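Structure data (PDB, C-alpha atoms and all ligand atoms) from structure_21.pdb:
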ATOM      1  CA  MET A   1       0.000   0.000   0.000
ATOM      2  CA  ILE A   2       2.765   2.311   0.928
ATOM      3  CA  GLU A   3       5.220   1.248  -1.792
ATOM      4  CA  ASN A   4       5.039   4.579  -3.501
ATOM      5  CA  ILE A   5       5.528   7.331  -0.949
ATOM      6  CA  THR A   6       5.296  10.129  -3.505
ATOM      7  CA  VAL A   7       1.890   8.893  -4.635
ATOM      8  CA  LEU A   8       0.701   8.612  -1.029
ATOM      9  CA  GLN A   9       1.914  12.138  -0.321
ATOM     10  CA  GLU A  10      -0.103  13.384  -3.296
ATOM     11  CA  ILE A  11      -3.185  11.529  -2.059
ATOM     12  CA  LEU A  12      -2.881  13.114   1.414
ATOM     13  CA  ASP A  13      -2.321  16.608  -0.024
ATOM     14  CA  ASP A  14      -5.303  16.174  -2.327
ATOM     15  CA  LEU A  15      -7.597  14.876   0.445
ATOM     16  CA  LEU A  16      -6.683  17.832   2.618
ATOM     17  CA  LEU A  17      -7.263  20.330  -0.167
ATOM     18  CA  LYS A  18     -10.793  19.003  -0.659
ATOM     19  CA  GLN A  19     -11.544  19.604   3.048
ATOM     20  CA  THR A  20     -10.330  23.217   3.197
ATOM     21  CA  GLU A  21     -13.794  24.728   3.707
ATOM     22  CA  LYS A  22     -15.446  21.771   5.424
ATOM     23  CA  TYR A  23     -14.357  22.654   8.947
ATOM     24  CA  CYS A  24     -17.243  25.153   9.032
ATOM     25  CA  GLN A  25     -19.657  22.206   9.274
ATOM     26  CA  GLY A  26     -18.612  21.441  12.860
ATOM     27  CA  HIS A  27     -18.231  23.210  16.198
ATOM     28  CA  VAL A  28     -15.133  23.325  18.363
ATOM     29  CA  ALA A  29     -15.746  21.749  21.812
ATOM     30  CA  ASP A  30     -16.451  24.683  24.108
ATOM     31  CA  TYR A  31     -17.600  22.805  27.208
ATOM     32  CA  ILE A  32     -13.875  22.706  27.991
ATOM     33  CA  PRO A  33     -13.197  26.478  27.728
ATOM     34  CA  ALA A  34      -9.471  26.097  26.935
ATOM     35  CA  LEU A  35     -10.368  24.137  23.783
ATOM     36  CA  ALA A  36     -12.791  26.804  22.523
ATOM     37  CA  CYS A  37     -10.006  29.126  21.358
ATOM     38  CA  ILE A  38      -8.188  26.671  19.059
ATOM     39  CA  PRO A  39      -8.209  27.999  15.442
ATOM     40  CA  PRO A  40     -10.887  25.867  13.729
ATOM     41  CA  GLN A  41      -9.241  25.910  10.299
ATOM     42  CA  LEU A  42      -6.149  23.937  11.387
ATOM     43  CA  MET A  43      -6.079  20.436   9.920
ATOM     44  CA  GLY A  44      -3.595  17.669   9.308
ATOM     45  CA  ILE A  45      -3.230  13.980   8.579
ATOM     46  CA  SER A  46      -0.398  11.502   8.934
ATOM     47  CA  ILE A  47       0.146   7.828   8.403
ATOM     48  CA  ALA A  48       2.928   5.928  10.159
ATOM     49  CA  THR A  49       3.764   2.473   8.840
ATOM     50  CA  ILE A  50       5.156  -0.521  10.670
ATOM     51  CA  ASP A  51       8.054  -0.567   8.232
ATOM     52  CA  GLY A  52       9.254   2.785   9.532
ATOM     53  CA  ASN A  53       7.826   5.553   7.329
ATOM     54  CA  THR A  54       5.696   8.508   8.393
ATOM     55  CA  ILE A  55       4.019  10.624   5.738
ATOM     56  CA  GLY A  56       1.932  13.656   6.613
ATOM     57  CA  ALA A  57       0.157  16.668   5.199
ATOM     58  CA  GLY A  58      -1.098  19.983   6.555
ATOM     59  CA  ASP A  59      -0.689  20.665  10.295
ATOM     60  CA  TYR A  60       0.348  17.116  11.100
ATOM     61  CA  ARG A  61       3.206  18.251  13.332
ATOM     62  CA  HIS A  62       1.041  20.673  15.316
ATOM     63  CA  PRO A  63       0.344  19.408  18.882
ATOM     64  CA  PHE A  64      -3.306  19.316  19.978
ATOM     65  CA  SER A  65      -5.205  18.095  23.029
ATOM     66  CA  ILE A  66      -5.472  14.311  22.691
ATOM     67  CA  GLN A  67      -8.500  14.129  25.040
ATOM     68  CA  SER A  68     -10.251  10.771  24.654
ATOM     69  CA  ILE A  69      -7.534   9.299  22.465
ATOM     70  CA  SER A  70      -5.751   8.970  25.824
ATOM     71  CA  LYS A  71      -8.301   6.263  26.675
ATOM     72  CA  VAL A  72      -6.478   3.863  24.322
ATOM     73  CA  PHE A  73      -3.178   4.296  26.156
ATOM     74  CA  GLY A  74      -4.871   4.124  29.568
ATOM     75  CA  LEU A  75      -6.645   0.904  28.649
ATOM     76  CA  THR A  76      -3.417  -0.702  27.399
ATOM     77  CA  LEU A  77      -1.665   0.124  30.677
ATOM     78  CA  ALA A  78      -4.588  -1.093  32.801
ATOM     79  CA  MET A  79      -4.876  -4.366  30.856
ATOM     80  CA  ASN A  80      -1.162  -4.962  31.401
ATOM     81  CA  ARG A  81      -1.507  -4.232  35.098
ATOM     82  CA  LEU A  82      -4.785  -5.915  35.992
ATOM     83  CA  GLY A  83      -5.395  -8.568  33.330
ATOM     84  CA  LYS A  84      -8.691 -10.435  33.339
ATOM     85  CA  PRO A  85     -10.208  -8.944  36.561
ATOM     86  CA  LEU A  86     -10.490  -5.581  34.760
ATOM     87  CA  TRP A  87     -13.473  -6.984  32.842
ATOM     88  CA  GLN A  88     -15.451  -7.515  36.030
ATOM     89  CA  ARG A  89     -15.412  -3.755  36.579
ATOM     90  CA  VAL A  90     -16.069  -2.555  33.016
ATOM     91  CA  THR A  91     -17.695  -4.452  30.139
ATOM     92  CA  MET A  92     -16.961  -4.397  26.407
ATOM     93  CA  GLU A  93     -20.296  -3.526  24.844
ATOM     94  CA  PRO A  94     -21.133  -0.511  22.686
ATOM     95  CA  SER A  95     -23.012   1.994  24.830
ATOM     96  CA  GLY A  96     -25.470   3.439  22.328
ATOM     97  CA  GLN A  97     -25.366   6.614  24.458
ATOM     98  CA  ALA A  98     -23.406   9.870  24.504
ATOM     99  CA  PHE A  99     -19.822   9.495  25.730
ATOM    100  CA  ASN A 100     -20.582  11.275  28.995
ATOM    101  CA  SER A 101     -24.020   9.787  29.699
ATOM    102  CA  ILE A 102     -24.882   9.364  33.380
ATOM    103  CA  ILE A 103     -28.256   7.647  33.087
ATOM    104  CA  GLN A 104     -26.824   4.410  31.701
ATOM    105  CA  LEU A 105     -24.367   4.057  34.567
ATOM    106  CA  GLU A 106     -27.187   3.994  37.108
ATOM    107  CA  TRP A 107     -28.979   1.270  35.161
ATOM    108  CA  GLU A 108     -25.779  -0.765  34.928
ATOM    109  CA  LYS A 109     -25.160  -0.473  38.690
ATOM    110  CA  GLY A 110     -21.913   1.454  38.328
ATOM    111  CA  ILE A 111     -20.325  -0.870  35.726
ATOM    112  CA  PRO A 112     -19.431   1.174  32.618
ATOM    113  CA  LYS A 113     -20.415  -0.338  29.274
ATOM    114  CA  ASN A 114     -16.902  -0.027  27.790
ATOM    115  CA  PRO A 115     -13.529   1.658  28.452
ATOM    116  CA  MET A 116     -13.964   4.219  25.642
ATOM    117  CA  ILE A 117     -16.823   6.188  27.187
ATOM    118  CA  ASN A 118     -15.972   8.601  30.008
ATOM    119  CA  ALA A 119     -17.239   6.347  32.817
ATOM    120  CA  GLY A 120     -15.074   3.488  31.496
ATOM    121  CA  ALA A 121     -12.002   5.680  31.214
ATOM    122  CA  LEU A 122     -12.563   7.034  34.726
ATOM    123  CA  LEU A 123     -12.706   3.432  35.953
ATOM    124  CA  VAL A 124      -9.450   2.715  34.098
ATOM    125  CA  SER A 125      -7.961   5.856  35.690
ATOM    126  CA  ASP A 126      -8.890   4.423  39.093
ATOM    127  CA  VAL A 127      -7.012   1.214  38.214
ATOM    128  CA  LEU A 128      -3.941   3.249  37.255
ATOM    129  CA  VAL A 129      -4.108   5.475  40.357
ATOM    130  CA  SER A 130      -4.410   2.368  42.536
ATOM    131  CA  HIS A 131      -1.586   0.443  40.834
ATOM    132  CA  TYR A 132       1.062   3.118  40.316
ATOM    133  CA  SER A 133       2.628   5.237  43.043
ATOM    134  CA  ALA A 134       2.719   8.173  40.593
ATOM    135  CA  SER A 135       0.162   7.357  37.905
ATOM    136  CA  LYS A 136       0.270  10.679  36.062
ATOM    137  CA  LEU A 137       4.023  10.529  35.683
ATOM    138  CA  ALA A 138       3.819   6.870  34.651
ATOM    139  CA  PHE A 139       1.231   7.781  32.006
ATOM    140  CA  VAL A 140       3.187  10.664  30.481
ATOM    141  CA  SER A 141       6.470   8.688  30.574
ATOM    142  CA  TYR A 142       4.704   5.862  28.770
ATOM    143  CA  LEU A 143       3.568   8.201  25.986
ATOM    144  CA  ARG A 144       7.054   9.687  25.680
ATOM    145  CA  LYS A 145       8.494   6.204  25.353
ATOM    146  CA  LEU A 146       5.921   5.109  22.762
ATOM    147  CA  ALA A 147       6.351   8.251  20.681
ATOM    148  CA  ASN A 148      10.107   8.212  21.237
ATOM    149  CA  ASP A 149       9.805  11.887  22.092
ATOM    150  CA  GLU A 150      10.677  13.379  25.486
ATOM    151  CA  SER A 151       9.106  16.726  24.585
ATOM    152  CA  ILE A 152       5.503  15.487  25.048
ATOM    153  CA  GLN A 153       3.770  17.591  27.720
ATOM    154  CA  VAL A 154       0.522  18.022  29.618
ATOM    155  CA  ASP A 155      -1.186  21.311  28.698
ATOM    156  CA  CYS A 156      -1.764  22.852  32.141
ATOM    157  CA  GLU A 157      -4.358  25.314  30.845
ATOM    158  CA  VAL A 158      -6.477  22.488  29.409
ATOM    159  CA  TYR A 159      -6.022  20.503  32.634
ATOM    160  CA  GLN A 160      -7.197  23.425  34.807
ATOM    161  CA  SER A 161     -10.044  24.139  32.440
ATOM    162  CA  GLU A 162     -11.344  20.560  32.679
ATOM    163  CA  LEU A 163     -10.816  20.456  36.426
ATOM    164  CA  SER A 164     -12.965  23.524  36.957
ATOM    165  CA  HIS A 165     -15.658  22.396  34.472
ATOM    166  CA  GLY A 166     -15.577  18.684  35.246
ATOM    167  CA  ASN A 167     -18.771  18.284  37.246
ATOM    168  CA  ARG A 168     -20.216  15.651  34.942
ATOM    169  CA  ASN A 169     -17.079  13.512  35.124
ATOM    170  CA  ALA A 170     -17.096  14.001  38.904
ATOM    171  CA  ALA A 171     -20.735  12.857  38.977
ATOM    172  CA  LEU A 172     -19.866   9.718  36.986
ATOM    173  CA  THR A 173     -16.981   8.881  39.313
ATOM    174  CA  TYR A 174     -18.961   9.466  42.525
ATOM    175  CA  LEU A 175     -21.778   7.340  41.134
ATOM    176  CA  MET A 176     -19.348   4.461  40.467
ATOM    177  CA  LYS A 177     -17.864   4.967  43.932
ATOM    178  CA  SER A 178     -21.352   4.602  45.426
ATOM    179  CA  PHE A 179     -21.499   1.163  43.756
ATOM    180  CA  ASN A 180     -18.049   0.307  45.201
ATOM    181  CA  ASN A 181     -16.500   0.254  41.747
ATOM    182  CA  ILE A 182     -13.906   2.968  42.497
ATOM    183  CA  GLU A 183     -11.077   2.173  44.933
ATOM    184  CA  ALA A 184      -9.144   5.440  45.175
ATOM    185  CA  GLU A 185     -10.421   8.839  46.303
ATOM    186  CA  VAL A 186     -12.569  10.497  43.615
ATOM    187  CA  PRO A 187     -10.508  13.747  43.336
ATOM    188  CA  GLU A 188      -7.378  11.676  42.725
ATOM    189  CA  VAL A 189      -9.093   9.677  39.956
ATOM    190  CA  LEU A 190     -10.367  12.878  38.321
ATOM    191  CA  SER A 191      -6.956  14.482  38.523
ATOM    192  CA  HIS A 192      -5.389  11.505  36.738
ATOM    193  CA  TYR A 193      -8.131  11.426  34.081
ATOM    194  CA  PHE A 194      -7.910  15.163  33.347
ATOM    195  CA  THR A 195      -4.116  14.908  33.158
ATOM    196  CA  GLN A 196      -4.206  12.168  30.544
ATOM    197  CA  CYS A 197      -6.862  14.015  28.519
ATOM    198  CA  ALA A 198      -4.773  17.221  28.632
ATOM    199  CA  VAL A 199      -1.668  15.707  27.018
ATOM    200  CA  SER A 200      -0.753  17.481  23.777
ATOM    201  CA  MET A 201       0.481  15.453  20.826
ATOM    202  CA  SER A 202       0.600  15.867  17.058
ATOM    203  CA  CYS A 203      -0.813  13.556  14.382
ATOM    204  CA  LYS A 204       2.739  12.396  13.719
ATOM    205  CA  GLN A 205       3.406  11.544  17.367
ATOM    206  CA  LEU A 206       0.059   9.794  17.798
ATOM    207  CA  SER A 207       0.284   7.690  14.664
ATOM    208  CA  GLU A 208       3.831   6.612  15.534
ATOM    209  CA  SER A 209       3.059   5.852  19.178
ATOM    210  CA  LEU A 210       0.137   3.520  18.419
ATOM    211  CA  LEU A 211       1.966   1.355  15.896
ATOM    212  CA  PHE A 212       1.996  -1.547  18.355
ATOM    213  CA  LEU A 213      -1.756  -1.953  17.755
ATOM    214  CA  ALA A 214      -1.127  -2.502  14.042
ATOM    215  CA  ASN A 215       1.750  -4.870  14.777
ATOM    216  CA  LYS A 216       0.365  -7.547  17.164
ATOM    217  CA  GLY A 217       1.387  -5.676  20.316
ATOM    218  CA  ILE A 218       5.026  -5.076  19.303
ATOM    219  CA  ASP A 219       6.366  -1.562  18.787
ATOM    220  CA  PRO A 220       8.116  -1.885  15.412
ATOM    221  CA  LYS A 221      10.434   1.033  16.226
ATOM    222  CA  THR A 222      12.019  -0.680  19.221
ATOM    223  CA  GLN A 223      10.777  -4.289  18.898
ATOM    224  CA  SER A 224       9.496  -4.070  22.489
ATOM    225  CA  GLN A 225       6.318  -5.901  23.444
ATOM    226  CA  ILE A 226       3.865  -3.168  24.547
ATOM    227  CA  CYS A 227       0.980  -5.580  25.115
ATOM    228  CA  SER A 228       0.295  -9.193  24.253
ATOM    229  CA  LYS A 229      -0.840 -10.123  20.753
ATOM    230  CA  LYS A 230      -4.179 -11.115  22.220
ATOM    231  CA  ASP A 231      -4.611  -7.772  24.000
ATOM    232  CA  ALA A 232      -3.760  -5.874  20.795
ATOM    233  CA  HIS A 233      -6.519  -7.855  19.110
ATOM    234  CA  ARG A 234      -8.937  -7.092  21.984
ATOM    235  CA  ILE A 235      -8.145  -3.371  22.040
ATOM    236  CA  ASN A 236      -8.707  -3.161  18.279
ATOM    237  CA  ALA A 237     -12.019  -4.972  18.751
ATOM    238  CA  ILE A 238     -13.126  -2.440  21.379
ATOM    239  CA  LEU A 239     -12.036   0.446  19.142
ATOM    240  CA  SER A 240     -14.074  -1.041  16.290
ATOM    241  CA  THR A 241     -17.252  -1.316  18.351
ATOM    242  CA  SER A 242     -16.942   1.709  20.673
ATOM    243  CA  GLY A 243     -14.075   4.008  19.654
ATOM    244  CA  MET A 244     -16.227   6.503  17.759
ATOM    245  CA  TYR A 245     -18.944   6.598  20.439
ATOM    246  CA  ASP A 246     -22.460   6.548  19.105
ATOM    247  CA  GLN A 247     -21.145   6.774  15.564
ATOM    248  CA  SER A 248     -19.066   3.578  15.814
ATOM    249  CA  GLY A 249     -21.538   1.607  13.696
ATOM    250  CA  GLU A 250     -21.539   4.190  10.946
ATOM    251  CA  PHE A 251     -17.735   4.396  11.034
ATOM    252  CA  ALA A 252     -17.423   0.606  10.753
ATOM    253  CA  PHE A 253     -19.926   0.662   7.916
ATOM    254  CA  SER A 254     -18.302   3.427   5.920
ATOM    255  CA  VAL A 255     -14.594   3.184   6.855
ATOM    256  CA  GLY A 256     -14.041  -0.213   8.460
ATOM    257  CA  LEU A 257     -11.060   0.458  10.737
ATOM    258  CA  PRO A 258     -10.620   0.305  14.542
ATOM    259  CA  ALA A 259     -10.533   3.984  15.562
ATOM    260  CA  LYS A 260     -10.652   6.410  18.473
ATOM    261  CA  SER A 261     -11.701  10.034  18.499
ATOM    262  CA  GLY A 262     -11.221  12.832  21.026
ATOM    263  CA  VAL A 263     -12.989  16.166  21.537
ATOM    264  CA  GLY A 264      -9.701  17.921  20.740
ATOM    265  CA  GLY A 265     -10.560  16.989  17.127
ATOM    266  CA  GLY A 266      -8.113  14.108  16.696
ATOM    267  CA  ILE A 267      -8.961  10.653  15.346
ATOM    268  CA  VAL A 268      -6.597   7.680  15.193
ATOM    269  CA  ALA A 269      -7.346   4.642  13.030
ATOM    270  CA  VAL A 270      -5.442   1.355  13.107
ATOM    271  CA  VAL A 271      -4.732  -0.442   9.825
ATOM    272  CA  PRO A 272      -3.707  -3.930  11.005
ATOM    273  CA  ASN A 273      -0.337  -5.127   9.701
ATOM    274  CA  ILE A 274       0.179  -1.840   7.861
ATOM    275  CA  GLY A 275       0.207   1.189  10.149
ATOM    276  CA  VAL A 276      -1.757   3.900  11.954
ATOM    277  CA  ILE A 277      -3.508   6.949  10.526
ATOM    278  CA  CYS A 278      -4.137  10.087  12.574
ATOM    279  CA  ALA A 279      -6.240  13.013  11.372
ATOM    280  CA  TRP A 280      -6.915  16.281  13.199
ATOM    281  CA  SER A 281      -9.320  19.156  12.751
ATOM    282  CA  PRO A 282     -10.937  20.767  15.841
ATOM    283  CA  PRO A 283     -14.610  21.279  14.789
ATOM    284  CA  LEU A 284     -16.818  18.374  15.898
ATOM    285  CA  ASN A 285     -20.159  16.917  14.876
ATOM    286  CA  LYS A 286     -22.982  16.247  17.339
ATOM    287  CA  TYR A 287     -21.422  12.946  18.433
ATOM    288  CA  GLY A 288     -18.157  14.631  19.455
ATOM    289  CA  ASN A 289     -16.194  13.362  16.430
ATOM    290  CA  SER A 290     -14.139  15.631  14.162
ATOM    291  CA  VAL A 291     -16.050  16.344  10.941
ATOM    292  CA  VAL A 292     -12.984  16.813   8.744
ATOM    293  CA  GLY A 293     -11.027  14.119  10.605
ATOM    294  CA  MET A 294     -13.692  11.568   9.721
ATOM    295  CA  ASN A 295     -13.788  12.741   6.097
ATOM    296  CA  LEU A 296     -10.010  12.511   5.787
ATOM    297  CA  ILE A 297      -9.783   8.995   7.211
ATOM    298  CA  ALA A 298     -12.789   7.827   5.189
ATOM    299  CA  GLY A 299     -11.232   9.318   2.046
ATOM    300  CA  LEU A 300      -7.868   7.633   2.605
ATOM    301  CA  ALA A 301      -9.355   4.275   3.593
ATOM    302  CA  GLY A 302     -11.659   4.334   0.573
ATOM    303  CA  LYS A 303      -8.905   5.291  -1.852
ATOM    304  CA  LEU A 304      -6.491   2.615  -0.592
ATOM    305  CA  GLY A 305      -9.108  -0.044   0.171
ATOM    306  CA  LEU A 306      -8.153  -0.340   3.849
ATOM    307  CA  SER A 307     -11.388  -1.648   5.406
ATOM    308  CA  ILE A 308     -10.761  -4.730   7.532
ATOM    309  CA  TYR A 309     -14.198  -6.139   6.777
TER     310      TYR A 309
HETATM  311  N1  LIG B 401     -11.908  15.154  28.605
HETATM  312  C1  LIG B 401     -13.099  14.976  27.829
HETATM  313  C2  LIG B 401     -14.292  14.770  28.741
HETATM  314  O1  LIG B 401     -14.146  14.174  29.750
HETATM  315  C3  LIG B 401     -12.900  13.813  26.940
HETATM  316  C4  LIG B 401     -14.097  13.496  26.095
HETATM  317  C5  LIG B 401     -13.774  13.174  24.675
HETATM  318  O2  LIG B 401     -12.704  13.432  24.152
HETATM  319  N2  LIG B 401     -14.751  12.627  23.999
HETATM  320  O3  LIG B 401     -15.364  15.198  28.470
END
Output the structure of this file as structure tokens.
Ligand code: GLN
Amino acid sequence: MIENITVLQEILDDLLLKQTEKYCQGHVADYIPALACIPPQLMGISIATIDGNTIGAGDYRHPFSIQSISKVFGLTLAMNRLGKPLWQRVTMEPSGQAFNSIIQLEWEKGIPKNPMINAGALLVSDVLVSHYSASKLAFVSYLRKLANDESIQVDCEVYQSELSHGNRNAALTYLMKSFNNIEAEVPEVLSHYFTQCAVSMSCKQLSESLLFLANKGIDPKTQSQICSKKDAHRINAILSTSGMYDQSGEFAFSVGLPAKSGVGGGIVAVVPNIGVICAWSPPLNKYGNSVVGMNLIAGLAGKLGLSIY
């Protein structure tokens, strides 16, 4: 697929050009005030391959708030740490609800439907807080190692902004605590969760750092085993069914790749045995997925015939 890098570069440039005006169709997330001031016209796309190439177009080196894309890294760490017992505390079913829905959690007696909605990621954050002496540091160090880039940082403004507007996430965590599904103190869990959401990374860094999911759990850059082959398969399965929230079905239907979005406007998509695509454009649709990001990934997957189905 990637034999001809010049052709791929032309495809990426062309896809981006076609999206120039499309960002107007979405709205930048403003429920986190620090995200509201990001220029909406920025956009980029990159693809990193397991054989060591990264090709990008537009603002693909521009760092942005990874937000819910952090849920993929958090889940990988928690699966490594906890193994099978994790799945007694969170299930693996699509939620069919908004990513921050509270009502479902009450029905499910404090057991989140999957680790890609907020309740599930807060549960995973609890696992990390309870299993690491310094979970935030462990998380950021992990990302730096995966991206092979020590410059990756937490955006303190985004962190503070979420902390002071995080009542819904606090409500979700307290509700799970009331069902005895949270071990640590709620403020500590929230602080970890907001820290991981507030990490800034570029399309290039994200696509390179998730290559292990396209390569059976092994980071092709270092040959280190990031998770087992089986866990890589399971994470991709969860991304396929729940990574795009309530639009996961449509994404599987029209694109056909395991993917994860974040309200910072980023989307990552895993192409098994080939590589990882990351697209970024801040304006979102009503599901919380980047409008242009989805178009870019759909365009590339369609053009190259990447659907796994
Ligand atoms: N930090 C965001 C929140 O908790 C993450 C949501 C998202 O990216 N979908 O609302």
If you apply the PyMOL selection byres (((chain A and resi 109) around 10) and not hetatm) to this file, what residues do you get, as a PDB file with C-alpha atoms, in the frame of the given file?
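What ended up in part.pdb:
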ATOM      1  CA  GLN A 104     -26.824   4.410  31.701  1.00  0.00           C
ATOM      2  CA  LEU A 105     -24.367   4.057  34.567  1.00  0.00           C
ATOM      3  CA  GLU A 106     -27.187   3.994  37.108  1.00  0.00           C
ATOM      4  CA  TRP A 107     -28.979   1.270  35.161  1.00  0.00           C
ATOM      5  CA  GLU A 108     -25.779  -0.765  34.928  1.00  0.00           C
ATOM      6  CA  GLY A 110     -21.913   1.454  38.328  1.00  0.00           C
ATOM      7  CA  ILE A 111     -20.325  -0.870  35.726  1.00  0.00           C
ATOM      8  CA  PRO A 112     -19.431   1.174  32.618  1.00  0.00           C
ATOM      9  CA  LEU A 175     -21.778   7.340  41.134  1.00  0.00           C
ATOM     10  CA  MET A 176     -19.348   4.461  40.467  1.00  0.00           C
ATOM     11  CA  SER A 178     -21.352   4.602  45.426  1.00  0.00           C
ATOM     12  CA  PHE A 179     -21.499   1.163  43.756  1.00  0.00           C
ATOM     13  CA  ASN A 180     -18.049   0.307  45.201  1.00  0.00           C
ATOM     14  CA  ASN A 181     -16.500   0.254  41.747  1.00  0.00           C
TER      15      ASN A 181
END
Within-10 Å residues of ligand LIG 401 (chain B), basis all atoms listed in the file, as a ChimeraX atom specification: /A:29,31-32,65-71,98-100,116-119,121-122,158-159,161-163,165-170,190,193-198,243-245,260-267,287-289
Residue members of the PyMOL selection byres (((chain A and resi 53) around 10) and not hetatm) in the file shown, as a VMD selection string: chain A and resid 2 5 47 to 52 54 to 55 208 275
Shell of 8 Å around region 224-229 of chain A, all atoms listed in the file, local chain residues under 6 positions omitted, as a ChimeraX atom specification: /A:76,80,212,216-218
Expected file contents, prior selection, C-alpha atoms, as a compact mmCIF listing (two decimals), in the coordinates of the input:
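The file below, again.txt, is the result:
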# COMPACT_ATOMS: atom_id res chain seq x y z
CA THR A 76 -3.42 -0.70 27.40
CA ASN A 80 -1.16 -4.96 31.40
CA PHE A 212 2.00 -1.55 18.36
CA LYS A 216 0.36 -7.55 17.16
CA GLY A 217 1.39 -5.68 20.32
CA ILE A 218 5.03 -5.08 19.30
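Neighbours of Glu10 (chain A) closer than or equal to 12 Å, with all atoms listed in the file counted and sequence neighbours fewer than 6 positions away skipped, come out as Asn4, Leu16, Leu17, Ile55, Gly56, Ala57, Gly58 and Leu300 of chain A.
In this structure, CA of Ser95 (chain A) sits 19.6 Å away from CA of Tyr174 (chain A).
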Among the residues A:Thr241, A:Ser207, A:His233, A:Val7, the one that comes closest to Pro115 (chain A) [using only C-alpha atoms]: A:Thr241
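Pairwise distance (CA of Arg144 (chain A), CA of Glu183 (chain A)) equals 27.5 Å.
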Taking a cut-off of 9 Å and counting all atoms listed in the file, can you build a table that, for each residue of region 5-83 of chain A near region 129-139 of chain A, reports the nearest atom pair and how far apart they are in Å (one decimal), sorted by chain then residue number, as a tab-separated table?
residue	atom	partner	partner_atom	distance
A:Phe73	CA	A:Phe139	CA	8.1
A:Gly74	CA	A:Phe139	CA	7.5
A:Leu77	CA	A:Phe139	CA	8.3
A:Ala78	CA	A:His131	CA	8.7
A:Arg81	CA	A:His131	CA	7.4
A:Leu82	CA	A:His131	CA	8.6
Atom-to-atom span, CA of Ser202 (chain A) and CA of Phe64 (chain A), Å: 6.0 Å
Evaluate the PyMOL selection byres (((chain A and resi 24) around 10) and not hetatm) and report residues as a tab-separated table (two decimals) with C-alpha atoms, in the frame of the given file:
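Just written: selection_16.tsv:
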chain	number	residue	atom	x	y	z
A	19	GLN	CA	-11.54	19.60	3.05
A	20	THR	CA	-10.33	23.22	3.20
A	21	GLU	CA	-13.79	24.73	3.71
A	22	LYS	CA	-15.45	21.77	5.42
A	23	TYR	CA	-14.36	22.65	8.95
A	25	GLN	CA	-19.66	22.21	9.27
A	26	GLY	CA	-18.61	21.44	12.86
A	27	HIS	CA	-18.23	23.21	16.20
A	28	VAL	CA	-15.13	23.32	18.36
A	40	PRO	CA	-10.89	25.87	13.73
A	41	GLN	CA	-9.24	25.91	10.30
A	283	PRO	CA	-14.61	21.28	14.79
A	284	LEU	CA	-16.82	18.37	15.90
A	291	VAL	CA	-16.05	16.34	10.94
A	292	VAL	CA	-12.98	16.81	8.74
Contacts of Ala184 (chain A) at 10 Å (all atoms listed in the file; same-chain gap of 6+ positions) as an NGL selection string: :A and (125-130 or 177)
Determine the axis-aligned bounding box of all atoms of region 131-143 of chain A present in the file, pad each side by 4 Å, and express its centre and edge lengths in Å to one decimal place as lines of an AutoDock Vina configuration file.
center_x = 2.4
center_y = 5.6
center_z = 34.5
size_x = 16.1
size_y = 18.2
size_z = 25.1
Since the input has fewer atoms than a full residue there, write region 229-236 of chain A out with N, CA, C and O atoms, as a PDB file, in the frame of the given file.
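Here's the written file rebuild.pdb:
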ATOM      1  N   LYS A 229      -0.182 -10.085  22.055  1.00  0.00           N
ATOM      2  CA  LYS A 229      -0.840 -10.123  20.753  1.00  0.00           C
ATOM      3  C   LYS A 229      -2.355 -10.174  20.948  1.00  0.00           C
ATOM      4  O   LYS A 229      -3.134  -9.513  20.265  1.00  0.00           O
ATOM      5  N   LYS A 230      -2.760 -10.957  21.939  1.00  0.00           N
ATOM      6  CA  LYS A 230      -4.179 -11.115  22.220  1.00  0.00           C
ATOM      7  C   LYS A 230      -4.814  -9.795  22.684  1.00  0.00           C
ATOM      8  O   LYS A 230      -5.919  -9.441  22.274  1.00  0.00           O
ATOM      9  N   ASP A 231      -4.089  -9.057  23.536  1.00  0.00           N
ATOM     10  CA  ASP A 231      -4.611  -7.772  24.000  1.00  0.00           C
ATOM     11  C   ASP A 231      -4.680  -6.753  22.862  1.00  0.00           C
ATOM     12  O   ASP A 231      -5.610  -5.936  22.811  1.00  0.00           O
ATOM     13  N   ALA A 232      -3.706  -6.791  21.944  1.00  0.00           N
ATOM     14  CA  ALA A 232      -3.760  -5.874  20.795  1.00  0.00           C
ATOM     15  C   ALA A 232      -5.030  -6.162  19.987  1.00  0.00           C
ATOM     16  O   ALA A 232      -5.757  -5.250  19.591  1.00  0.00           O
ATOM     17  N   HIS A 233      -5.308  -7.440  19.828  1.00  0.00           N
ATOM     18  CA  HIS A 233      -6.519  -7.855  19.110  1.00  0.00           C
ATOM     19  C   HIS A 233      -7.769  -7.353  19.858  1.00  0.00           C
ATOM     20  O   HIS A 233      -8.705  -6.809  19.255  1.00  0.00           O
ATOM     21  N   ARG A 234      -7.760  -7.498  21.194  1.00  0.00           N
ATOM     22  CA  ARG A 234      -8.937  -7.092  21.984  1.00  0.00           C
ATOM     23  C   ARG A 234      -9.138  -5.574  21.965  1.00  0.00           C
ATOM     24  O   ARG A 234     -10.262  -5.088  21.870  1.00  0.00           O
ATOM     25  N   ILE A 235      -8.027  -4.845  22.060  1.00  0.00           N
ATOM     26  CA  ILE A 235      -8.145  -3.371  22.040  1.00  0.00           C
ATOM     27  C   ILE A 235      -8.692  -2.924  20.682  1.00  0.00           C
ATOM     28  O   ILE A 235      -9.595  -2.088  20.610  1.00  0.00           O
ATOM     29  N   ASN A 236      -8.184  -3.514  19.612  1.00  0.00           N
ATOM     30  CA  ASN A 236      -8.707  -3.161  18.279  1.00  0.00           C
ATOM     31  C   ASN A 236     -10.199  -3.497  18.169  1.00  0.00           C
ATOM     32  O   ASN A 236     -10.967  -2.757  17.549  1.00  0.00           O
TER      33      ASN A 236
END
